[in-house]
>>> print(open('start-v1.cif').read())   # mmCIF, C-alpha atoms
data_structure
#
loop_
_atom_site.label_atom_id
_atom_site.label_comp_id
_atom_site.auth_asym_id
_atom_site.auth_seq_id
_atom_site.Cartn_x
_atom_site.Cartn_y
_atom_site.Cartn_z
CA MET U 149 0.00 0.00 0.00
CA PRO U 150 1.42 3.44 -0.91
CA SER U 151 2.41 5.83 1.82
CA CYS U 152 0.20 8.87 2.42
CA ASP U 153 3.28 11.01 3.07
CA PRO U 154 3.11 13.91 0.58
CA GLY U 155 6.90 13.76 0.17
CA PRO U 156 9.04 16.51 -1.33
CA ALA U 157 7.81 18.56 -4.27
CA PRO U 158 9.50 17.83 -7.61
CA ALA U 159 12.57 20.06 -8.03
CA CYS U 160 11.72 21.00 -11.63
CA LEU U 161 8.39 22.66 -10.82
CA PRO U 162 7.99 26.11 -9.29
CA THR U 163 6.89 25.83 -5.67
CA LYS U 164 3.37 27.01 -4.80
CA THR U 165 1.96 27.11 -1.31
CA PHE U 166 -1.67 26.10 -0.92
CA ARG U 167 -3.66 26.01 2.28
CA SER U 168 -4.15 22.25 2.09
CA TYR U 169 -2.35 19.44 0.32
CA LEU U 170 -4.10 16.12 -0.11
CA PRO U 171 -2.01 12.97 0.39
CA ARG U 172 -0.40 11.58 -2.76
CA CYS U 173 -1.89 8.15 -2.15
CA HIS U 174 -5.39 9.50 -2.89
CA ARG U 175 -6.82 10.15 -6.33
CA THR U 176 -7.55 13.86 -6.30
CA TYR U 177 -9.15 16.64 -8.30
CA SER U 178 -7.17 19.87 -8.73
CA CYS U 179 -7.83 23.33 -10.16
CA VAL U 180 -7.08 23.19 -13.88
CA HIS U 181 -5.79 26.79 -13.77
CA CYS U 182 -3.26 26.63 -10.89
CA ARG U 183 -3.25 22.94 -9.79
CA ALA U 184 -4.36 23.65 -6.21
CA HIS U 185 -5.88 20.51 -4.71
CA LEU U 186 -9.67 20.71 -4.52
CA ALA U 187 -11.05 17.32 -3.45
CA LYS U 188 -10.31 13.65 -2.89
CA HIS U 189 -12.07 11.18 -5.16
CA ASP U 190 -13.46 9.57 -1.99
CA GLU U 191 -15.51 12.75 -1.41
CA LEU U 192 -17.26 12.49 -4.79
CA ILE U 193 -21.00 11.94 -4.42
CA SER U 194 -22.24 12.25 -8.02
CA LYS U 195 -21.02 12.95 -11.56
CA SER U 196 -24.56 13.73 -12.78
CA PHE U 197 -24.86 17.44 -12.05
CA GLN U 198 -25.20 20.47 -14.27
CA GLY U 199 -23.26 23.66 -13.50
CA SER U 200 -23.77 27.10 -15.00
CA HIS U 201 -21.41 26.28 -17.88
CA GLY U 202 -21.68 22.51 -18.33
CA ARG U 203 -21.30 19.22 -16.47
CA ALA U 204 -20.33 19.28 -12.82
CA TYR U 205 -19.55 16.92 -9.94
CA LEU U 206 -21.10 16.99 -6.47
CA PHE U 207 -18.62 16.64 -3.56
CA ASN U 208 -19.17 16.10 0.14
CA SER U 209 -16.16 18.29 1.05
CA VAL U 210 -13.48 20.38 -0.67
CA VAL U 211 -10.20 22.14 0.23
CA ASN U 212 -8.49 25.35 -0.92
CA VAL U 213 -11.87 26.86 -1.76
CA GLY U 214 -13.38 30.18 -0.68
CA CYS U 215 -17.08 30.92 -0.45
CA GLY U 216 -18.99 34.01 -1.50
CA PRO U 217 -22.29 35.27 -0.05
CA ALA U 218 -25.37 33.04 -0.29
CA GLU U 219 -28.17 33.96 -2.68
CA GLN U 220 -31.36 32.30 -3.81
CA ARG U 221 -31.29 30.77 -7.31
CA LEU U 222 -33.87 28.84 -9.26
CA LEU U 223 -31.92 25.81 -10.49
CA LEU U 224 -33.05 22.84 -12.60
CA THR U 225 -34.14 21.02 -9.41
CA GLY U 226 -35.95 23.96 -7.79
CA LEU U 227 -35.18 26.93 -5.56
CA HIS U 228 -31.94 26.73 -3.56
CA SER U 229 -29.82 29.09 -1.49
CA VAL U 230 -26.29 28.77 -2.92
CA ALA U 231 -22.94 30.53 -2.52
CA ASP U 232 -20.40 30.69 -5.34
CA ILE U 233 -17.11 28.96 -4.53
CA PHE U 234 -13.71 29.95 -5.88
CA CYS U 235 -10.17 28.64 -5.86
CA GLU U 236 -8.28 30.28 -2.97
CA SER U 237 -5.09 30.29 -5.04
CA CYS U 238 -6.11 31.73 -8.44
CA LYS U 239 -9.59 33.09 -7.51
CA THR U 240 -11.35 31.30 -10.39
CA THR U 241 -15.04 30.66 -9.75
CA LEU U 242 -15.40 26.86 -9.65
CA GLY U 243 -19.08 26.27 -8.89
CA TRP U 244 -21.19 26.70 -5.77
CA LYS U 245 -22.04 25.41 -2.31
CA TYR U 246 -25.60 24.40 -1.52
CA GLU U 247 -26.49 26.30 1.65
CA GLN U 248 -30.21 25.47 1.73
CA ALA U 249 -32.68 23.49 -0.35
CA PHE U 250 -36.32 24.49 -0.12
CA GLU U 251 -37.76 21.20 -1.42
CA THR U 252 -37.66 18.14 0.83
CA SER U 253 -36.32 15.89 -1.95
CA GLN U 254 -33.30 18.19 -2.41
CA LYS U 255 -32.24 18.50 1.27
CA TYR U 256 -29.41 15.96 0.76
CA LYS U 257 -27.50 18.66 -1.17
CA GLU U 258 -27.23 21.04 1.79
CA GLY U 259 -23.60 21.67 2.75
CA LYS U 260 -22.34 19.98 -0.44
CA TYR U 261 -20.28 21.47 -3.28
CA ILE U 262 -20.63 21.58 -7.07
CA ILE U 263 -17.42 21.95 -9.09
CA GLU U 264 -17.70 22.29 -12.85
CA MET U 265 -15.64 19.80 -14.85
CA SER U 266 -14.11 22.56 -16.96
CA HIS U 267 -12.28 23.83 -13.84
CA MET U 268 -10.90 20.47 -12.60
CA VAL U 269 -8.17 18.06 -13.57
CA LYS U 270 -7.57 14.56 -12.18
CA ASP U 271 -4.30 14.04 -10.28
CA ASN U 272 -2.51 11.14 -8.53
CA GLY U 273 -3.06 7.53 -9.49
CA TRP U 274 -5.81 7.58 -12.10
CA ASP U 275 -3.96 5.08 -14.34
#
>>> encode(input="start-v1.cif", output="structure tokens")
Amino acid sequence: MPSCDPGPAPACLPTKTFRSYLPRCHRTYSCVHCRAHLAKHDELISKSFQGSHGRAYLFNSVVNVGCGPAEQRLLLTGLHSVADIFCESCKTTLGWKYEQAFETSQKYKEGKYIIEMSHMVKDNGWD
């Protein structure tokens, strides 16, 4: 079994400091723009979501992400209170956080995160 020790950064790449680094032994999703870690594959709930600009994934938790103010939006599945989320490193808007769902069938989304596929890249052990 591989070690979860992040180990030293490769010498040939410029060093960036992110708030959180996910262990190398986990398959991860990173920001396509700056490569900041965003989520572990283990936190993926669903690949069947629609973002503002295309397909998106629903995650239970994320890292290196900031949150804007909550606002009510009428989405495909009804009215929700959501807050845009952005990469803490490069400030790119990635998707949103579900703060509140107003329909009972959508309550499972509360506290979860949508990240659009166009803003993510897969890292670590996807072969």
>>> closest_residue(input="start-v1.cif", among="U:Asp271, U:Glu247, U:Glu191, U:Glu264", to="Arg221 in chain U", atoms="all atoms listed in the file")
U:Glu247
>>> atom_distance(input="start-v1.cif", atom1="CA of Tyr177 in chain U", atom2="CA of Ile262 in chain U")
12.6 Å
>>> closest_residue(input="start-v1.cif", among="U:Ser266, U:Ser194, U:Ser200, U:Thr252", to="Leu222 in chain U", atoms="all atoms listed in the file")
U:Ser200
>>> closest_atom_pairs(input="start-v1.cif", of="range 171-202 of chain U", to="range 255-261 of chain U", cutoff="12 Å", atoms="only C-alpha atoms", output="tab-separated table")
residue	atom	partner	partner_atom	distance
U:Leu186	CA	U:Tyr261	CA	10.7
U:Ala187	CA	U:Tyr261	CA	10.1
U:Glu191	CA	U:Lys260	CA	10.0
U:Leu192	CA	U:Tyr261	CA	9.6
U:Ile193	CA	U:Lys260	CA	9.1
U:Ser194	CA	U:Tyr261	CA	10.6
U:Lys195	CA	U:Tyr261	CA	11.9
U:Phe197	CA	U:Tyr261	CA	10.7
U:Gly199	CA	U:Tyr261	CA	10.9
>>> write_last_selection(input="start-v1.cif", atoms="C-alpha atoms", output="compact mmCIF listing (two decimals), keeping the file's coordinate frame")
# COMPACT_ATOMS: atom_id res chain seq x y z
CA LEU U 186 -9.67 20.71 -4.52
CA ALA U 187 -11.05 17.32 -3.45
CA GLU U 191 -15.51 12.75 -1.41
CA LEU U 192 -17.26 12.49 -4.79
CA ILE U 193 -21.00 11.94 -4.42
CA SER U 194 -22.24 12.25 -8.02
CA LYS U 195 -21.02 12.95 -11.56
CA PHE U 197 -24.86 17.44 -12.05
CA GLY U 199 -23.26 23.66 -13.50
>>> atom_distance(input="start-v1.cif", atom1="CA of Met268 in chain U", atom2="CA of Leu242 in chain U")
8.4 Å
>>> closest_residue(input="start-v1.cif", among="U:Ser178, U:Ser253, U:Asn212, U:Gln220", to="Glu236 in chain U", atoms="all atoms listed in the file")
U:Asn212
>>> resolve_selection(input="start-v1.cif", expression="the PyMOL selection byres ((chain U and resi 225) around 10)", output="PyMOL selection string")
chain U and resi 222-224+226-228+249+251+253-254
>>> closest_residue(input="start-v1.cif", among="U:Ser196, U:Cys215, U:Asn208, U:Cys182", to="Trp244 in chain U", atoms="only C-alpha atoms")
U:Cys215
>>> atom_distance(input="start-v1.cif", atom1="CA of Glu219 in chain U", atom2="CA of Cys179 in chain U")
24.1 Å
>>> resolve_selection(input="start-v1.cif", expression="the PyMOL selection byres ((chain U and resi 237) around 12)", output="list in words")
Lys164, Thr165, Phe166, Arg167, Ser168, Ser178, Cys179, Val180, His181, Cys182, Arg183, Ala184, His185, Leu186, Val211, Asn212, Val213, Gly214, Phe234, Cys235, Glu236, Cys238, Lys239, Thr240, Thr241 and Leu242 of chain U
>>> closest_residue(input="start-v1.cif", among="U:Ala231, U:Ile263, U:Asp190, U:Arg175", to="Tyr205 in chain U", atoms="all atoms listed in the file")
U:Ile263
>>> axis_aligned_box(input="start-v1.cif", around="range 254-268 of chain U", padding_each_side="5 Å", output="JSON")
{"center_x": -22.1, "center_y": 19.9, "center_z": -7.1, "size_x": 32.4, "size_y": 17.9, "size_z": 29.7}
